[in-house]
Structure formats: structure tokens, C-alpha cells
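A.B. asks: Contents of upload_4.pdb (PDB, C-alpha atoms):
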```pdb
ATOM      1  CA  MET V 190       0.000   0.000   0.000
ATOM      2  CA  MET V 191       2.785   2.426   0.908
ATOM      3  CA  THR V 192       4.495   1.790  -2.440
ATOM      4  CA  MET V 193       1.297   2.814  -4.229
ATOM      5  CA  VAL V 194       1.094   6.039  -2.214
ATOM      6  CA  ILE V 195       4.738   6.840  -2.985
ATOM      7  CA  LEU V 196       4.169   6.200  -6.701
ATOM      8  CA  LEU V 197       1.070   8.419  -6.638
ATOM      9  CA  ALA V 198       3.098  11.195  -4.970
ATOM     10  CA  LEU V 199       5.790  10.874  -7.650
ATOM     11  CA  LEU V 200       3.127  10.914 -10.374
ATOM     12  CA  ASN V 201       1.649  14.022  -8.767
ATOM     13  CA  GLY V 202       5.054  15.715  -8.879
ATOM     14  CA  CYS V 203       5.413  14.821 -12.565
ATOM     15  CA  CYS V 204       1.936  16.189 -13.298
ATOM     16  CA  ILE V 205       2.691  19.432 -11.452
ATOM     17  CA  SER V 206       5.968  19.919 -13.330
ATOM     18  CA  PHE V 207       4.312  19.150 -16.661
ATOM     19  CA  CYS V 208       1.469  21.555 -15.849
ATOM     20  CA  ARG V 209       3.948  24.302 -14.925
ATOM     21  CA  ILE V 210       5.834  23.851 -18.183
ATOM     22  CA  LEU V 211       2.626  23.899 -20.239
ATOM     23  CA  ASN V 212       1.385  27.014 -18.449
ATOM     24  CA  GLY V 213       4.760  28.717 -18.863
ATOM     25  CA  ARG V 214       4.743  27.980 -22.577
ATOM     26  CA  LEU V 215       1.151  29.176 -22.920
ATOM     27  CA  SER V 216       2.001  32.382 -21.041
ATOM     28  CA  GLN V 217       4.850  33.018 -23.508
ATOM     29  CA  ASP V 218       2.464  32.603 -26.455
ATOM     30  CA  THR V 219      -0.407  34.601 -24.926
ATOM     31  CA  SER V 220      -0.193  36.144 -21.460
ATOM     32  CA  VAL V 221       0.221  35.064 -17.857
ATOM     33  CA  PHE V 222      -3.423  35.695 -17.015
ATOM     34  CA  ASN V 223      -4.638  33.914 -20.143
ATOM     35  CA  ALA V 224      -2.594  30.848 -19.182
ATOM     36  CA  SER V 225      -3.978  30.963 -15.645
ATOM     37  CA  PHE V 226      -7.522  31.418 -16.946
ATOM     38  CA  TRP V 227      -7.377  28.377 -19.215
ATOM     39  CA  ASN V 228      -5.692  26.280 -16.547
ATOM     40  CA  HIS V 229      -8.533  26.980 -14.143
ATOM     41  CA  VAL V 230     -11.369  26.696 -16.675
ATOM     42  CA  VAL V 231     -10.222  23.258 -17.800
ATOM     43  CA  GLY V 232      -9.550  22.203 -14.194
ATOM     44  CA  PHE V 233     -12.973  23.431 -13.090
ATOM     45  CA  ILE V 234     -14.756  21.513 -15.833
ATOM     46  CA  PHE V 235     -12.723  18.350 -15.170
ATOM     47  CA  LEU V 236     -13.237  18.415 -11.401
ATOM     48  CA  SER V 237     -16.902  19.379 -11.743
ATOM     49  CA  LEU V 238     -17.484  16.268 -13.823
ATOM     50  CA  ILE V 239     -15.623  14.116 -11.301
ATOM     51  CA  VAL V 240     -17.619  15.566  -8.387
ATOM     52  CA  TYR V 241     -20.898  15.249 -10.268
ATOM     53  CA  PHE V 242     -20.381  11.588 -11.123
ATOM     54  CA  THR V 243     -18.655  10.371  -7.951
ATOM     55  CA  SER V 244     -19.683  12.547  -5.016
ATOM     56  CA  SER V 245     -22.603  11.923  -2.733
ATOM     57  CA  VAL V 246     -22.296  15.451  -1.316
ATOM     58  CA  PRO V 247     -25.265  17.636  -2.298
ATOM     59  CA  VAL V 248     -24.497  20.829  -4.235
ATOM     60  CA  LYS V 249     -26.061  22.923  -1.446
ATOM     61  CA  THR V 250     -23.367  21.668   0.951
ATOM     62  CA  ILE V 251     -20.680  22.744  -1.499
ATOM     63  CA  MET V 252     -22.214  26.217  -1.799
ATOM     64  CA  ASP V 253     -22.219  26.557   2.010
ATOM     65  CA  ALA V 254     -18.460  26.008   2.186
ATOM     66  CA  PRO V 255     -16.564  28.390   4.481
ATOM     67  CA  VAL V 256     -14.744  31.402   3.057
ATOM     68  CA  THR V 257     -11.390  29.684   3.611
ATOM     69  CA  ALA V 258     -12.392  26.992   1.104
ATOM     70  CA  TRP V 259     -12.984  29.648  -1.542
ATOM     71  CA  LEU V 260      -9.703  31.403  -0.701
ATOM     72  CA  GLY V 261      -7.881  28.203  -1.647
ATOM     73  CA  GLY V 262      -9.089  28.702  -5.219
ATOM     74  CA  VAL V 263      -7.873  32.293  -5.221
ATOM     75  CA  MET V 264      -4.470  31.189  -3.942
ATOM     76  CA  GLY V 265      -4.357  28.467  -6.615
ATOM     77  CA  ALA V 266      -5.109  30.967  -9.365
ATOM     78  CA  LEU V 267      -2.466  33.343  -8.028
ATOM     79  CA  PHE V 268       0.044  30.474  -7.860
ATOM     80  CA  VAL V 269      -0.558  29.473 -11.480
ATOM     81  CA  ALA V 270      -0.310  33.075 -12.715
ATOM     82  CA  LEU V 271       2.895  33.799 -10.788
ATOM     83  CA  ASN V 272       4.403  30.462 -11.725
ATOM     84  CA  SER V 273       3.670  31.011 -15.434
ATOM     85  CA  TYR V 274       5.294  34.434 -15.305
ATOM     86  CA  VAL V 275       8.402  33.284 -13.416
ATOM     87  CA  LEU V 276       8.854  30.155 -15.556
ATOM     88  CA  SER V 277       9.057  32.226 -18.725
ATOM     89  CA  LYS V 278      11.779  34.388 -17.119
ATOM     90  CA  VAL V 279      14.074  31.906 -15.342
ATOM     91  CA  GLY V 280      13.301  28.480 -16.815
ATOM     92  CA  ALA V 281      11.616  25.327 -15.564
ATOM     93  CA  THR V 282      14.318  23.898 -13.291
ATOM     94  CA  LEU V 283      15.046  27.097 -11.396
ATOM     95  CA  THR V 284      11.326  27.847 -11.073
ATOM     96  CA  VAL V 285      10.664  24.427  -9.551
ATOM     97  CA  LEU V 286      13.603  24.814  -7.139
ATOM     98  CA  LEU V 287      12.430  28.247  -6.035
ATOM     99  CA  VAL V 288       8.821  27.106  -5.595
ATOM    100  CA  ILE V 289       9.912  24.115  -3.511
ATOM    101  CA  GLY V 290      12.224  26.367  -1.481
ATOM    102  CA  GLY V 291       9.342  28.762  -0.865
ATOM    103  CA  GLN V 292       7.098  25.897   0.204
ATOM    104  CA  LEU V 293       9.741  24.586   2.611
ATOM    105  CA  LEU V 294      10.354  28.044   4.018
ATOM    106  CA  THR V 295       6.646  28.678   4.543
ATOM    107  CA  GLY V 296       6.167  25.259   6.165
ATOM    108  CA  VAL V 297       9.028  25.805   8.600
ATOM    109  CA  VAL V 298       7.868  29.300   9.536
ATOM    110  CA  TRP V 299       4.244  28.135   9.873
ATOM    111  CA  ASP V 300       5.298  25.231  12.127
ATOM    112  CA  ALA V 301       7.476  27.516  14.221
ATOM    113  CA  PHE V 302       4.691  29.990  14.886
ATOM    114  CA  SER V 303       1.772  27.590  15.212
ATOM    115  CA  ASN V 304       3.390  24.604  16.952
ATOM    116  CA  GLY V 305       6.400  26.127  18.652
ATOM    117  CA  ALA V 306       8.824  24.134  16.476
ATOM    118  CA  GLU V 307      12.470  25.130  16.216
ATOM    119  CA  LEU V 308      13.675  27.543  13.567
ATOM    120  CA  THR V 309      16.867  25.536  12.907
ATOM    121  CA  PRO V 310      15.569  24.096   9.599
ATOM    122  CA  LEU V 311      15.063  27.693   8.471
ATOM    123  CA  PHE V 312      18.844  28.099   8.241
ATOM    124  CA  GLY V 313      19.106  25.117   5.861
ATOM    125  CA  ILE V 314      16.315  26.418   3.662
ATOM    126  CA  LEU V 315      17.860  29.875   3.540
ATOM    127  CA  CYS V 316      21.158  28.277   2.465
ATOM    128  CA  ILE V 317      19.348  26.485  -0.374
ATOM    129  CA  LEU V 318      17.638  29.677  -1.528
ATOM    130  CA  ILE V 319      20.865  31.680  -1.366
ATOM    131  CA  SER V 320      22.707  29.031  -3.381
ATOM    132  CA  VAL V 321      19.985  29.107  -6.035
ATOM    133  CA  LEU V 322      20.263  32.900  -6.271
ATOM    134  CA  VAL V 323      24.065  32.764  -6.455
ATOM    135  CA  THR V 324      23.850  30.125  -9.200
ATOM    136  CA  LYS V 325      21.400  32.260 -11.168
ATOM    137  CA  ARG V 326      23.615  35.319 -10.780
ATOM    138  CA  GLY V 327      26.605  33.334 -12.042
ATOM    139  CA  GLN V 328      24.622  32.145 -15.060
ATOM    140  CA  ASP V 329      23.575  35.709 -15.842
ATOM    141  CA  GLN V 330      27.175  36.887 -15.525
ATOM    142  CA  ARG V 331      28.414  34.148 -17.916
ATOM    143  CA  ALA V 332      25.676  35.056 -20.395
ATOM    144  CA  LYS V 333      26.837  38.700 -20.330
ATOM    145  CA  GLU V 334      30.456  37.653 -20.865
ATOM    146  CA  ILE V 335      29.452  35.524 -23.856
ATOM    147  CA  LYS V 336      27.535  38.447 -25.387
ATOM    148  CA  VAL V 337      30.499  40.797 -24.917
ATOM    149  CA  SER V 338      32.952  38.329 -26.486
ATOM    150  CA  ARG V 339      30.876  37.995 -29.661
TER
END
```
Represent the structure of the file as C-alpha cells.
C.D. replies:
Amino acid sequence: MMTMVILLALLNGCCISFCRILNGRLSQDTSVFNASFWNHVVGFIFLSLIVYFTSSVPVKTIMDAPVTAWLGGVMGALFVALNSYVLSKVGATLTVLLVIGGQLLTGVVWDAFSNGAELTPLFGILCILISVLVTKRGQDQRAKEIKVSR
């Protein structure tokens, strides 16, 4: 059973990366908000069909959801829009690393403030983020040197 869960998590990661790349490409061809719009329209239709055919929850219950449930959708739309914009500027690998770093950082800070956890992991995450920024700066510097030498 645990192997199946691990494989599903890996598949989820592949789907997220593929979705980010598709949205980044679409944002290059159209705009960031257009990419986010289509991502959410298609997702809404797909999930609506799944809920309609599989859920025993009445629609009225869904409409009575708390405000925090609706804010999740807003955060998702903001994530897709920002991710599409950043991906077109820095590339897929660096975008994924920065997003994961941001998620780790937020998780550590959230745990520290809500559960009284230690902030020691914060130092490790900050080291990762700093190394990513230094790497990006070095790549930009090499790109400038190549342009000058031509």
C-alpha cells in the first residue's frame, strides 16, 4: 500500500511539473493571465465532472463552504499566474527549485509559529535559496560575458 502512495506522490510531482511547463509555454504565447484562466477553466470543468459523477455530497453543501475553502481557489489561481510568469523568465528547473524552497520556508515558519517548532531548519532552507540565487547570478554573468565576447 505504501508503495502505491509513494508512486502516486511521484506521479503528482510529474503532473505538477508538466502543468507548470505547459502554463509557462502558454504564457509566452499569450499572457500570464490567459494561461492561468485556461488552466482553471479546464480544471474546473474536469473536477466538476468528477464531483458530479462520484460525489454523494449535495451541491447545497458545497455552496455553504466556508470562506477559507474559496480562498484556496484564489491562492491556486495566483500560484498558477505567478508560476507562469516566473517560468518564462528563469526556466523550468530554477522555477521548480524556487517554488519548492518557498514551500519549505513557509512550512518551517508556519510550524514555528503555530506549533512552537524550532527555527533551525530555516537556516538550511535559507542556504538552499541563497545558493539558487548565487547560481542564477553566475549564469547571468556568464551570459553577459558571452555576449560581450561575440
A.B. asks: I'd like the residues picked by the PyMOL selection byres ((chain V and resi 213) around 7) written out as a list in words, using the chain letters and numbers from the file.
C.D. replies: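 That expression, the PyMOL selection byres ((chain V and resi 213) around 7), corresponds here to Arg209, Ile210, Leu211, Asn212, Arg214, Leu215, Ser216, Gln217, Ser273, Tyr274, Leu276 and Ser277 of chain V.
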A.B. asks: Rounded to one decimal, what separation in Å do you get between CA of Ala266 in chain V and CA of Phe233 in chain V?
C.D. replies: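 Taking CA of Ala266 in chain V and CA of Phe233 in chain V, their separation equals 11.5 Å.
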A.B. asks: Report the residues retrieved by the PyMOL selection byres ((chain V and resi 289-298) around 10) from the displayed file, expressed as a ChimeraX atom specification.
C.D. replies: /V:283-288,299-318,321
A.B. asks: Quick one: of V:Cys208, V:Val256, V:Val194, V:Val323, who's nearest to Gly232 in chain V, counting only C-alpha atoms?
C.D. replies: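 With only C-alpha atoms as the atom set, the closest residue is V:Cys208.
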A.B. asks: Could you state the separation of CA of Asn201 in chain V and CA of Asp253 in chain V in Å, given to one decimal place?
C.D. replies: 29.0 Å
A.B. asks: List the residues matched by the PyMOL selection byres ((chain V and resi 267) around 12) in the displayed structure as a ChimeraX atom specification, ordered by chain and then by residue number.
C.D. replies: /V:221-222,224-226,228-229,260-266,268-274
